[in-house]
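Only one structure is covered here, and it is reproduced in the block below.
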Number of protein chains: 2
Amino acid sequence: MTYLRDDGMRAAFIHGAGDVRIETVPDPVLKEPTDALVRVVRSCICGSDLHPYHTMPASSEGVSIGHEFVGVVEETGSEVSTVRSGDLVIAPFAWSDGTCEFCREGLQTSCLHGGFWNEDGVGGCQAEAVRVPLADGTLVKAPVKEDSELLPGLLTLSDVYGTGYHAAKRANVGPGDTVVVIGDGAVGLLAVLSARLLGAERIVLMGRHKARTDLGREFGATDVVAERGDEGIEEVRRLTGGHGAARVLEAVGHMPAYEQAVGVVRPGGVISRVGVPQYAEAPVGFSSLFGPNITLTGGPAPVRAYIEELMPGVLEGAVQPGRVFDRTVDLEQVPDGYRAMDRREALKVLIRP
Amino acid sequence: MTYLRDDGMRAAFIHGAGDVRIETVPDPVLKEPTDALVRVVRSCICGSDLHPYHTMPASSEGVSIGHEFVGVVEETGSEVSTVRSGDLVIAPFAWSDGTCEFCREGLQTSCLHGGFWNEDGVGGCQAEAVRVPLADGTLVKAPVKEDSELLPGLLTLSDVYGTGYHAAKRANVGPGDTVVVIGDGAVGLLAVLSARLLGAERIVLMGRHKARTDLGREFGATDVVAERGDEGIEEVRRLTGGHGAARVLEAVGHMPAYEQAVGVVRPGGVISRVGVPQYAEAPVGFSSLFGPNITLTGGPAPVRAYIEELMPGVLEGAVQPGRVFDRTVDLEQVPDGYRAMDRREALKVLIRP
């Protein structure tokens, strides 16, 4: 592979809480005829990367990290037919065959033969290059060059934009709806943008970081509630006629966000979760979900299902989801990027390897 | 009121676990101009009545009990316009105004001005007569006389048929679907009947009481799984191609039934609960609901919303939901009825006051 240095490639590994290192490892190589090798052009750090960054036990070996990227195809296995060398491609945060019963239903995160980056011998994307399994099912070609200004926007289709969109779709957001979005991280802000795209009329964003909620307003939030807990619930109820919102998008994953969702959802309404839950159990009994007939939905977004649908808006500039990136680092600076996101000095960090 | 004895009426009261008594209490009287007084023609004992029958702390005063009935209107308040003296009416297990925003949306169990029998000064229906608040919103006139053989079927519209139907509707059951119903009580069996009515092709009933599951087969179950726990889950998965069913109707309310539902639901599928949960918290994290994008829905059925839709099938004999009644008692025998249901000697007990 001529695009990497002779002595291997550089890639990020997490060795424990707060401990991300850039190391030199062997170049990825094709293993299966359905693989592609992709040189990473843009990657980024995800809010969900902060979960192991906060809690992972120390490990001398380390685990590769990163699950969002756009890149250029460098090599393809003999059975790959939908992408070829030189194509700029978007990779979803889960790889999938595109042909199993779940993929055909648009639930690629449950692909019978798929998986996730950084598992099962597949590397991470905060790196110079990645082996992409099941390339035909996984990768989507984008009609741009690798110097395009649209790359940050296209990169959000790897995860955060598709994840925000999944929250809104699962909640069945439609024209005229009142929606509450909990969380002002990149996913929350893109859930706002998605709700707007689907026609929501009133969008209440719950978050307390002004720079972020200001961007949320530009993405379509009509109201911002900075208060949390009971005070935040009361304010949302006041804004929504006393009974809460029929559609609540939860983009955090911690228990207080779940409780907030239960507090602001209207009887008969939907809580759609896309923040990876950092809890195993939660209130679902008579006084929380059951009594008022609340629906709880969501999960890891099958972003692959949404890329073709959402890409035109990005290419045309109708939406600018790439605005969630407010800092750019190179690969060697990735540990600084984690620190900046952890301290909330950066909303979302773009990586140019 | 000429239809009751001079010295008051007889009514069931629960004084604690296992302690149901029939007592003489003052006749109900009209209190509000929107009230109706209804003489109970048929009532019954509900599976959910067994919850206090198992757990209620002893009380010298006792609480009235019963929330399902059909009866004849004896008196109406000055503002009641949709029913009148002599009408045979069906009463849902929740009373509601029929005009608030939730009632207009078909979620009468969340009516802003409504409530439940045996609360807020409204009596129970295992009695000779009941005061019905908000009679215009609550009662539905049925075109039969009080000696009709259709009364048991019409009585199921008070709760169990509408509740089984709610489970199926909330799970969005449609033509060709594969459905698992957990629980062979009256609600589970009528969830089977409802799923069939909505076009489900494969209906797996989980239950181990042969007389009940036999009726379930007559109502439309294509398979019966008597095993529980991991064994039951494995058998359902075997029957459903390995991945479980997209629509699971949970008609029990205990934690093992919830766990069973999580075990048999297909990725991307729906668990629809109508058994009143006897737990406050439950697994909803990555490994249970979130990872496979499972939707959890359901709640107390707004049966009022379904009565007009389901009544024609009962009147025409197209469905016979009244077959869930397998024992009949008079009011004095109600304590025996509770014992029989508690010991599972009776599926559902009909009361002829």
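A note on labels: chains of the structure tokens are A, B, ... as shown, every chain counts residues from 1, and ligands are counted from 1 in their shown order.
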
Taking only C-alpha atoms into account, report as a tab-separated table (two decimals) with all heavy atoms, in the first residue's frame which residues of chain A lie within 9 Å of chain B.
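Printed below is iface22.tsv as written:
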chain	number	residue	atom	x	y	z
A	102	PHE	N	-32.55	-8.60	7.91
A	102	PHE	CA	-32.58	-7.34	8.67
A	102	PHE	C	-32.09	-6.17	7.83
A	102	PHE	O	-32.66	-5.07	7.89
A	102	PHE	CB	-31.78	-7.49	9.97
A	102	PHE	CG	-32.40	-8.47	10.92
A	102	PHE	CD1	-31.86	-9.73	11.12
A	102	PHE	CD2	-33.57	-8.16	11.58
A	102	PHE	CE1	-32.46	-10.65	11.97
A	102	PHE	CE2	-34.19	-9.06	12.44
A	102	PHE	CZ	-33.63	-10.31	12.63
A	107	LEU	N	-32.58	-2.49	8.97
A	107	LEU	CA	-32.06	-2.57	10.34
A	107	LEU	C	-30.65	-3.17	10.28
A	107	LEU	O	-30.36	-4.23	10.83
A	107	LEU	CB	-32.98	-3.42	11.23
A	107	LEU	CG	-32.70	-3.32	12.74
A	107	LEU	CD1	-33.01	-1.91	13.26
A	107	LEU	CD2	-33.50	-4.35	13.52
A	109	THR	N	-27.98	-2.50	11.72
A	109	THR	CA	-27.26	-2.73	12.98
A	109	THR	C	-27.54	-4.12	13.54
A	109	THR	O	-26.85	-4.56	14.46
A	109	THR	CB	-27.65	-1.67	14.03
A	109	THR	OG1	-29.06	-1.50	14.01
A	109	THR	CG2	-26.97	-0.34	13.75
A	110	SER	N	-28.54	-4.81	13.01
A	110	SER	CA	-28.81	-6.19	13.41
A	110	SER	C	-28.45	-7.17	12.29
A	110	SER	O	-28.91	-8.32	12.31
A	110	SER	CB	-30.28	-6.36	13.80
A	110	SER	OG	-30.55	-5.68	15.02
A	267	PRO	N	-48.97	12.04	27.74
A	267	PRO	CA	-49.66	10.74	27.72
A	267	PRO	C	-49.92	10.29	26.27
A	267	PRO	O	-50.29	11.10	25.43
A	267	PRO	CB	-50.98	11.04	28.45
A	267	PRO	CG	-50.61	12.12	29.42
A	267	PRO	CD	-49.62	12.99	28.68
A	268	GLY	N	-49.65	9.02	26.03
A	268	GLY	CA	-49.80	8.49	24.67
A	268	GLY	C	-48.60	8.75	23.78
A	268	GLY	O	-48.60	8.32	22.62
A	270	VAL	N	-44.24	9.23	22.76
A	270	VAL	CA	-43.12	8.36	22.45
A	270	VAL	C	-41.82	8.94	23.00
A	270	VAL	O	-41.55	10.13	22.80
A	270	VAL	CB	-42.94	8.20	20.92
A	270	VAL	CG1	-41.83	7.21	20.60
A	270	VAL	CG2	-44.23	7.80	20.25
A	273	ARG	N	-35.00	6.77	22.11
A	273	ARG	CA	-33.64	6.88	22.66
A	273	ARG	C	-32.60	6.57	21.60
A	273	ARG	O	-32.69	5.54	20.95
A	273	ARG	CB	-33.44	5.87	23.79
A	273	ARG	CG	-34.27	6.11	25.03
A	273	ARG	CD	-33.94	5.06	26.09
A	273	ARG	NE	-34.23	3.70	25.64
A	273	ARG	CZ	-33.82	2.59	26.24
A	273	ARG	NH1	-33.07	2.68	27.34
A	273	ARG	NH2	-34.14	1.41	25.77
A	274	VAL	N	-31.60	7.40	21.48
A	274	VAL	CA	-30.45	7.06	20.65
A	274	VAL	C	-29.13	7.24	21.40
A	274	VAL	O	-28.09	6.84	20.89
A	274	VAL	CB	-30.43	7.83	19.31
A	274	VAL	CG1	-31.54	7.32	18.40
A	274	VAL	CG2	-30.54	9.32	19.52
A	276	VAL	N	-26.56	5.94	23.83
A	276	VAL	CA	-26.31	4.56	24.30
A	276	VAL	C	-26.53	4.49	25.81
A	276	VAL	O	-25.85	5.18	26.57
A	276	VAL	CB	-24.87	4.13	23.95
A	276	VAL	CG1	-24.61	2.72	24.45
A	276	VAL	CG2	-24.64	4.21	22.45
A	277	PRO	N	-27.50	3.69	26.27
A	277	PRO	CA	-27.85	3.71	27.69
A	277	PRO	C	-26.70	3.24	28.57
A	277	PRO	O	-26.14	2.17	28.35
A	277	PRO	CB	-29.05	2.76	27.80
A	277	PRO	CG	-29.25	2.14	26.48
A	277	PRO	CD	-28.36	2.78	25.49
A	278	GLN	N	-26.39	4.04	29.56
A	278	GLN	CA	-25.36	3.69	30.53
A	278	GLN	C	-25.99	3.07	31.77
A	278	GLN	O	-25.46	3.17	32.88
A	278	GLN	CB	-24.55	4.95	30.89
A	278	GLN	CG	-23.91	5.62	29.69
A	278	GLN	CD	-22.98	4.68	28.95
A	278	GLN	OE1	-22.01	4.19	29.51
A	278	GLN	NE2	-23.27	4.41	27.67
A	279	TYR	N	-27.15	2.43	31.58
A	279	TYR	CA	-27.88	1.76	32.66
A	279	TYR	C	-28.50	0.51	32.06
A	279	TYR	O	-28.71	0.43	30.84
A	279	TYR	CB	-28.99	2.68	33.21
A	279	TYR	CG	-29.81	3.32	32.12
A	279	TYR	CD1	-30.88	2.64	31.54
A	279	TYR	CD2	-29.50	4.58	31.61
A	279	TYR	CE1	-31.61	3.19	30.50
A	279	TYR	CE2	-30.23	5.15	30.56
A	279	TYR	CZ	-31.28	4.45	30.02
A	279	TYR	OH	-32.00	4.99	28.99
A	280	ALA	N	-28.75	-0.49	32.92
A	280	ALA	CA	-29.35	-1.73	32.42
A	280	ALA	C	-30.86	-1.75	32.65
A	280	ALA	O	-31.62	-2.24	31.83
A	280	ALA	CB	-28.72	-2.94	33.11
A	281	GLU	N	-31.29	-1.17	33.79
A	281	GLU	CA	-32.72	-1.15	34.11
A	281	GLU	C	-33.19	0.30	34.24
A	281	GLU	O	-32.39	1.20	34.50
A	281	GLU	CB	-32.96	-1.86	35.45
A	281	GLU	CG	-32.49	-3.29	35.46
A	281	GLU	CD	-33.39	-4.19	36.30
A	281	GLU	OE1	-34.05	-3.67	37.22
A	281	GLU	OE2	-33.45	-5.39	36.01
A	282	ALA	N	-34.47	0.50	34.09
A	282	ALA	CA	-35.04	1.84	34.23
A	282	ALA	C	-36.51	1.72	34.58
A	282	ALA	O	-37.12	0.66	34.39
A	282	ALA	CB	-34.86	2.63	32.94
A	283	PRO	N	-37.11	2.82	35.09
A	283	PRO	CA	-38.54	2.79	35.40
A	283	PRO	C	-39.39	2.59	34.15
A	283	PRO	O	-39.23	3.31	33.17
A	283	PRO	CB	-38.79	4.19	36.00
A	283	PRO	CG	-37.45	4.64	36.48
A	283	PRO	CD	-36.46	4.06	35.51
A	284	VAL	N	-40.26	1.58	34.20
A	284	VAL	CA	-41.18	1.30	33.10
A	284	VAL	C	-42.56	0.91	33.63
A	284	VAL	O	-43.41	0.45	32.87
A	284	VAL	CB	-40.67	0.13	32.22
A	284	VAL	CG1	-39.31	0.44	31.60
A	284	VAL	CG2	-40.60	-1.17	33.03
A	285	GLY	N	-42.79	1.08	34.95
A	285	GLY	CA	-44.00	0.59	35.59
A	285	GLY	C	-45.21	1.49	35.39
A	285	GLY	O	-45.23	2.35	34.50
A	286	PHE	N	-46.21	1.31	36.24
A	286	PHE	CA	-47.47	2.02	36.07
A	286	PHE	C	-47.29	3.53	36.12
A	286	PHE	O	-47.87	4.27	35.33
A	286	PHE	CB	-48.50	1.59	37.12
A	286	PHE	CG	-49.90	1.89	36.70
A	286	PHE	CD1	-50.67	0.91	36.07
A	286	PHE	CD2	-50.46	3.15	36.88
A	286	PHE	CE1	-51.96	1.18	35.64
A	286	PHE	CE2	-51.75	3.43	36.44
A	286	PHE	CZ	-52.50	2.45	35.82
A	287	SER	N	-46.45	4.00	37.06
A	287	SER	CA	-46.36	5.45	37.26
A	287	SER	C	-45.41	6.13	36.27
A	287	SER	O	-45.39	7.35	36.19
A	287	SER	CB	-45.91	5.75	38.69
A	287	SER	OG	-44.62	5.21	38.89
A	288	SER	N	-44.63	5.36	35.53
A	288	SER	CA	-43.72	5.98	34.56
A	288	SER	C	-44.26	5.82	33.14
A	288	SER	O	-44.89	6.73	32.61
A	288	SER	CB	-42.32	5.40	34.69
A	288	SER	OG	-42.33	3.97	34.63
A	289	LEU	N	-44.08	4.65	32.55
A	289	LEU	CA	-44.48	4.46	31.15
A	289	LEU	C	-45.88	3.88	30.99
A	289	LEU	O	-46.65	4.30	30.11
A	289	LEU	CB	-43.51	3.51	30.42
A	289	LEU	CG	-42.03	3.88	30.38
A	289	LEU	CD1	-41.28	2.94	29.43
A	289	LEU	CD2	-41.82	5.32	29.95
A	290	PHE	N	-46.24	2.88	31.81
A	290	PHE	CA	-47.44	2.10	31.53
A	290	PHE	C	-48.73	2.90	31.69
A	290	PHE	O	-49.56	2.95	30.77
A	290	PHE	CB	-47.47	0.86	32.43
A	290	PHE	CG	-48.55	-0.12	32.06
A	290	PHE	CD1	-48.33	-1.08	31.09
A	290	PHE	CD2	-49.78	-0.09	32.70
A	290	PHE	CE1	-49.33	-1.99	30.74
A	290	PHE	CE2	-50.78	-1.00	32.36
A	290	PHE	CZ	-50.56	-1.95	31.38
A	291	GLY	N	-48.89	3.54	32.84
A	291	GLY	CA	-50.14	4.26	33.13
A	291	GLY	C	-50.53	5.22	32.01
A	291	GLY	O	-51.66	5.20	31.53
A	292	PRO	N	-49.60	6.08	31.59
A	292	PRO	CA	-49.95	7.04	30.52
A	292	PRO	C	-49.73	6.49	29.10
A	292	PRO	O	-49.71	7.28	28.15
A	292	PRO	CB	-49.03	8.22	30.81
A	292	PRO	CG	-47.90	7.69	31.61
A	292	PRO	CD	-48.35	6.41	32.27
A	293	ASN	N	-49.58	5.18	28.94
A	293	ASN	CA	-49.44	4.60	27.59
A	293	ASN	C	-48.29	5.22	26.79
A	293	ASN	O	-48.44	5.59	25.62
A	293	ASN	CB	-50.75	4.77	26.80
A	293	ASN	CG	-51.70	3.59	26.97
A	293	ASN	OD1	-51.54	2.56	26.32
A	293	ASN	ND2	-52.66	3.74	27.86
A	294	ILE	N	-47.13	5.34	27.43
A	294	ILE	CA	-45.95	5.87	26.76
A	294	ILE	C	-45.25	4.75	25.99
A	294	ILE	O	-45.11	3.64	26.50
A	294	ILE	CB	-44.95	6.44	27.78
A	294	ILE	CG1	-45.60	7.50	28.66
A	294	ILE	CG2	-43.70	7.00	27.08
A	294	ILE	CD1	-46.25	8.62	27.92
A	295	THR	N	-44.79	5.04	24.80
A	295	THR	CA	-43.99	4.10	24.01
A	295	THR	C	-42.51	4.46	24.15
A	295	THR	O	-42.14	5.63	24.05
A	295	THR	CB	-44.40	4.19	22.52
A	295	THR	OG1	-45.75	3.76	22.40
A	295	THR	CG2	-43.51	3.32	21.65
A	296	LEU	N	-41.70	3.43	24.40
A	296	LEU	CA	-40.24	3.61	24.48
A	296	LEU	C	-39.64	2.91	23.27
A	296	LEU	O	-39.86	1.71	23.06
A	296	LEU	CB	-39.72	2.96	25.77
A	296	LEU	CG	-38.22	3.02	26.02
A	296	LEU	CD1	-37.76	4.46	26.26
A	296	LEU	CD2	-37.83	2.13	27.20
A	297	THR	N	-38.87	3.65	22.47
A	297	THR	CA	-38.32	3.05	21.27
A	297	THR	C	-36.90	3.54	21.05
A	297	THR	O	-36.34	4.25	21.89
A	297	THR	CB	-39.25	3.35	20.05
A	297	THR	OG1	-38.82	2.57	18.94
A	297	THR	CG2	-39.24	4.81	19.70
A	298	GLY	N	-36.31	3.15	19.94
A	298	GLY	CA	-34.96	3.58	19.61
A	298	GLY	C	-33.93	2.50	19.79
A	298	GLY	O	-34.23	1.36	20.16
A	299	GLY	N	-32.68	2.87	19.53
A	299	GLY	CA	-31.57	1.93	19.59
A	299	GLY	C	-30.44	2.45	18.73
A	299	GLY	O	-30.48	3.60	18.26
A	300	PRO	N	-29.43	1.60	18.50
A	300	PRO	CA	-28.34	2.03	17.62
A	300	PRO	C	-28.91	2.27	16.23
A	300	PRO	O	-29.61	1.42	15.68
A	300	PRO	CB	-27.40	0.82	17.60
A	300	PRO	CG	-27.91	-0.14	18.62
A	300	PRO	CD	-29.32	0.21	18.93
A	301	ALA	N	-28.62	3.43	15.68
A	301	ALA	CA	-29.23	3.80	14.40
A	301	ALA	C	-28.67	2.95	13.26
A	301	ALA	O	-27.46	2.83	13.13
A	301	ALA	CB	-28.97	5.27	14.11

- Please identify all polymer residues within 7 Å of Ala226 (chain A), counting only C-alpha atoms, omitting same-chain residues fewer than 6 positions from it, and present them as a list in words. Met206, Gly207 and Arg208 of chain A

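Those residues that approach Leu50 (chain B) to within 9 Å, counting only C-alpha atoms, are B:Ala17, B:Gly18, B:Ile45, B:Cys46, B:Gly47, B:Tyr53, B:His54, B:Thr55, B:Tyr338, B:Met341, B:Asp342; same-chain residues fewer than 3 positions away are not listed.
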
Take the residues that were just selected and, keeping all heavy atoms, output them as a JSON list (two decimals), in the first residue's frame.
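Done, and the output landed in again.json:
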[["chain", "number", "residue", "atom", "x", "y", "z"],
["B", 17, "ALA", "N", -56.00, -9.15, 51.53],
["B", 17, "ALA", "CA", -55.69, -10.31, 50.69],
["B", 17, "ALA", "C", -56.63, -11.47, 51.03],
["B", 17, "ALA", "O", -56.80, -11.81, 52.20],
["B", 17, "ALA", "CB", -54.24, -10.73, 50.88],
["B", 18, "GLY", "N", -57.27, -12.04, 50.03],
["B", 18, "GLY", "CA", -58.12, -13.20, 50.20],
["B", 18, "GLY", "C", -59.45, -12.91, 50.90],
["B", 18, "GLY", "O", -60.18, -13.84, 51.22],
["B", 45, "ILE", "N", -65.37, -10.79, 37.31],
["B", 45, "ILE", "CA", -64.13, -10.66, 38.07],
["B", 45, "ILE", "C", -62.98, -10.65, 37.07],
["B", 45, "ILE", "O", -62.95, -11.46, 36.14],
["B", 45, "ILE", "CB", -63.96, -11.83, 39.07],
["B", 45, "ILE", "CG1", -65.17, -11.87, 40.03],
["B", 45, "ILE", "CG2", -62.65, -11.67, 39.86],
["B", 45, "ILE", "CD1", -65.17, -13.07, 40.98],
["B", 46, "CYS", "N", -62.05, -9.73, 37.28],
["B", 46, "CYS", "CA", -60.94, -9.52, 36.34],
["B", 46, "CYS", "C", -59.66, -10.11, 36.92],
["B", 46, "CYS", "O", -59.47, -10.13, 38.13],
["B", 46, "CYS", "CB", -60.77, -8.02, 36.12],
["B", 46, "CYS", "SG", -59.55, -7.60, 34.85],
["B", 47, "GLY", "N", -58.79, -10.57, 36.03],
["B", 47, "GLY", "CA", -57.46, -11.01, 36.46],
["B", 47, "GLY", "C", -56.77, -9.94, 37.28],
["B", 47, "GLY", "O", -56.06, -10.25, 38.25],
["B", 53, "TYR", "N", -56.25, -8.99, 45.60],
["B", 53, "TYR", "CA", -56.67, -10.22, 46.29],
["B", 53, "TYR", "C", -55.46, -10.99, 46.81],
["B", 53, "TYR", "O", -55.56, -11.78, 47.73],
["B", 53, "TYR", "CB", -57.48, -11.09, 45.31],
["B", 53, "TYR", "CG", -58.19, -12.27, 45.96],
["B", 53, "TYR", "CD1", -59.35, -12.07, 46.69],
["B", 53, "TYR", "CD2", -57.71, -13.57, 45.82],
["B", 53, "TYR", "CE1", -60.01, -13.14, 47.28],
["B", 53, "TYR", "CE2", -58.36, -14.65, 46.39],
["B", 53, "TYR", "CZ", -59.52, -14.42, 47.13],
["B", 53, "TYR", "OH", -60.17, -15.48, 47.71],
["B", 54, "HIS", "N", -54.30, -10.74, 46.20],
["B", 54, "HIS", "CA", -53.07, -11.40, 46.66],
["B", 54, "HIS", "C", -52.26, -10.56, 47.63],
["B", 54, "HIS", "O", -51.55, -11.09, 48.47],
["B", 54, "HIS", "CB", -52.16, -11.73, 45.45],
["B", 54, "HIS", "CG", -52.71, -12.82, 44.59],
["B", 54, "HIS", "ND1", -52.56, -12.85, 43.22],
["B", 54, "HIS", "CD2", -53.43, -13.92, 44.90],
["B", 54, "HIS", "CE1", -53.14, -13.93, 42.74],
["B", 54, "HIS", "NE2", -53.70, -14.58, 43.73],
["B", 55, "THR", "N", -52.37, -9.23, 47.51],
["B", 55, "THR", "CA", -51.37, -8.39, 48.19],
["B", 55, "THR", "C", -51.95, -7.32, 49.10],
["B", 55, "THR", "O", -51.20, -6.70, 49.86],
["B", 55, "THR", "CB", -50.50, -7.66, 47.14],
["B", 55, "THR", "OG1", -51.35, -6.83, 46.36],
["B", 55, "THR", "CG2", -49.77, -8.64, 46.23],
["B", 338, "TYR", "N", -63.94, -15.40, 43.41],
["B", 338, "TYR", "CA", -62.53, -15.02, 43.58],
["B", 338, "TYR", "C", -61.67, -16.25, 43.87],
["B", 338, "TYR", "O", -60.59, -16.41, 43.31],
["B", 338, "TYR", "CB", -62.36, -13.99, 44.71],
["B", 338, "TYR", "CG", -62.57, -12.57, 44.24],
["B", 338, "TYR", "CD1", -63.84, -12.02, 44.16],
["B", 338, "TYR", "CD2", -61.49, -11.78, 43.85],
["B", 338, "TYR", "CE1", -64.04, -10.72, 43.71],
["B", 338, "TYR", "CE2", -61.68, -10.48, 43.41],
["B", 338, "TYR", "CZ", -62.95, -9.95, 43.34],
["B", 338, "TYR", "OH", -63.14, -8.67, 42.89],
["B", 341, "MET", "N", -61.12, -18.29, 40.71],
["B", 341, "MET", "CA", -60.16, -17.71, 39.78],
["B", 341, "MET", "C", -58.75, -17.78, 40.36],
["B", 341, "MET", "O", -57.78, -18.04, 39.63],
["B", 341, "MET", "CB", -60.53, -16.26, 39.43],
["B", 341, "MET", "CG", -61.60, -16.23, 38.33],
["B", 341, "MET", "SD", -62.05, -14.56, 37.78],
["B", 341, "MET", "CE", -60.50, -13.95, 37.10],
["B", 342, "ASP", "N", -58.65, -17.54, 41.65],
["B", 342, "ASP", "CA", -57.33, -17.59, 42.30],
["B", 342, "ASP", "C", -56.71, -18.97, 42.17],
["B", 342, "ASP", "O", -55.51, -19.11, 41.94],
["B", 342, "ASP", "CB", -57.48, -17.21, 43.77],
["B", 342, "ASP", "CG", -56.14, -17.18, 44.48],
["B", 342, "ASP", "OD1", -55.15, -16.72, 43.87],
["B", 342, "ASP", "OD2", -56.09, -17.63, 45.65]]

- Counting only C-alpha atoms, which of B:Met9, B:Leu198, B:Val63, B:Val130 gets nearest to Ala167 (chain B)? B:Leu198

- Message: I need the residues of region 44-168 of chain A that end up classed as helix (DSSP H, G or I) by DSSP on the backbone, written out as number ranges by chain.
- Response: A: 47-55, 101-104, 108-110, 135-138, 151-158, 160-168

From a backbone DSSP assignment, name each residue in region 27-110 of chain B labelled strand (DSSP E), as a CSV table (one decimal) with C-alpha atoms, in the first residue's frame.
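Printed below is selection_33.csv as written:
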chain,number,residue,atom,x,y,z
B,36,ALA,CA,-76.3,8.3,35.4
B,37,LEU,CA,-77.4,5.6,37.8
B,38,VAL,CA,-77.1,2.1,36.2
B,39,ARG,CA,-78.5,-1.1,37.5
B,40,VAL,CA,-75.9,-3.8,36.9
B,41,VAL,CA,-77.1,-6.7,34.7
B,42,ARG,CA,-73.8,-8.5,34.3
B,43,SER,CA,-70.5,-7.9,35.9
B,44,CYS,CA,-67.4,-10.1,36.3
B,63,VAL,CA,-62.7,-0.9,49.4
B,64,SER,CA,-65.4,-1.5,46.8
B,69,PHE,CA,-70.3,-4.2,33.7
B,70,VAL,CA,-73.2,-3.9,31.4
B,71,GLY,CA,-76.4,-2.6,32.9
B,72,VAL,CA,-79.7,-0.8,32.4
B,73,VAL,CA,-79.9,3.0,32.9
B,74,GLU,CA,-82.3,3.8,35.7
B,75,GLU,CA,-81.9,7.5,36.1
B,76,THR,CA,-79.9,10.3,34.4
B,88,LEU,CA,-78.8,-1.3,28.0
B,89,VAL,CA,-75.3,0.1,28.2
B,90,ILE,CA,-71.7,-1.0,28.3
B,91,ALA,CA,-69.4,0.7,30.7
B,94,ALA,CA,-62.4,3.9,33.0
B,95,TRP,CA,-65.0,6.8,32.9

- Non-local contacts of Arg196 (chain B) (10 Å; only C-alpha atoms; under 2 positions in same chain excluded) as a PyMOL selection string: chain B and resi 168+173-177+179+190-194+198-203+219-222

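Picture a line from CA of Gly114 (chain A) to CA of Cys100 (chain A); it runs 9.5 Å.
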
- Task: Enter the distance from CA of Glu231 (chain B) to CA of Leu215 (chain B), in Å, rounded to one decimal.
- Result: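 Between CA of Glu231 (chain B) and CA of Leu215 (chain B) the gap works out to 23.2 Å.
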
- Query: Expressed in Å to a single decimal, how great is the separation between CA of Glu234 (chain A) and CA of Val248 (chain A)?
  - Reply: 14.9 Å

- Message: Which residues are close to Leu315 (chain A), i.e. within 12 Å by only C-alpha atoms, leaving aside same-chain residues fewer than 6 positions away? Reply as a list in words.
- Response: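 The residues satisfying every condition are Ala142, Pro143, Val144, Ser148, Glu149, Leu150, Leu151, Pro152, Gly153, Leu154, Leu155, Leu157, Ile307, Glu308, Glu309, Pro321 and Gly322 of chain A.
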
- For Val303 (chain B), work out the shell of residues within 7 Å, counting only C-alpha atoms and skipping chain neighbours fewer than 2 positions away, then give it as a list in words. Pro92, Ser158, Asp159, Gly162, Thr163, Ala301, Ala305, Tyr306 and Ile307 of chain B

Next, dump the selected residues to file, keeping only C-alpha atoms, as an mmCIF file, in the first residue's frame.
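The resulting again-v3.cif:
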data_model
loop_
_atom_site.group_PDB
_atom_site.id
_atom_site.type_symbol
_atom_site.label_atom_id
_atom_site.label_comp_id
_atom_site.auth_asym_id
_atom_site.auth_seq_id
_atom_site.Cartn_x
_atom_site.Cartn_y
_atom_site.Cartn_z
ATOM 1 C CA PRO B 92 -65.618 0.831 30.105
ATOM 2 C CA SER B 158 -65.850 -3.336 29.216
ATOM 3 C CA ASP B 159 -62.276 -4.483 29.551
ATOM 4 C CA GLY B 162 -60.742 -4.076 24.363
ATOM 5 C CA THR B 163 -57.561 -4.695 26.336
ATOM 6 C CA ALA B 301 -56.427 0.135 27.244
ATOM 7 C CA ALA B 305 -62.242 3.992 21.946
ATOM 8 C CA TYR B 306 -62.803 0.462 20.673
ATOM 9 C CA ILE B 307 -66.385 -0.326 21.720
#

Selection: 12 Å around Asp336 (chain A), only C-alpha atoms, excl. self and same-chain fewer than 6 positions, as an mmCIF file with C-alpha atoms, in the first residue's frame:
data_model
loop_
_atom_site.group_PDB
_atom_site.id
_atom_site.type_symbol
_atom_site.label_atom_id
_atom_site.label_comp_id
_atom_site.auth_asym_id
_atom_site.auth_seq_id
_atom_site.Cartn_x
_atom_site.Cartn_y
_atom_site.Cartn_z
ATOM 1 C CA ALA A 12 -5.446 5.580 17.950
ATOM 2 C CA GLY A 18 -8.341 9.093 29.961
ATOM 3 C CA ASP A 19 -5.562 7.227 28.142
ATOM 4 C CA VAL A 20 -5.673 7.463 24.334
ATOM 5 C CA ARG A 21 -2.375 6.887 22.469
ATOM 6 C CA ILE A 22 -1.349 7.048 18.835
ATOM 7 C CA ILE A 45 -14.415 11.624 17.882
ATOM 8 C CA ARG A 327 -12.292 21.777 16.165
ATOM 9 C CA THR A 328 -9.921 19.967 13.805
ATOM 10 C CA VAL A 329 -6.887 17.896 14.786
ATOM 11 C CA ASP A 330 -4.448 15.639 12.975
ATOM 12 C CA ASP A 342 -14.247 15.618 27.681
ATOM 13 C CA ARG A 343 -13.875 19.171 29.080
ATOM 14 C CA GLU A 345 -14.240 22.814 25.186
ATOM 15 C CA ALA A 346 -15.118 21.204 21.859
ATOM 16 C CA VAL A 349 -13.614 17.044 16.965
ATOM 17 C CA LEU A 350 -12.801 16.395 13.301
ATOM 18 C CA ILE A 351 -9.685 14.360 12.522
#
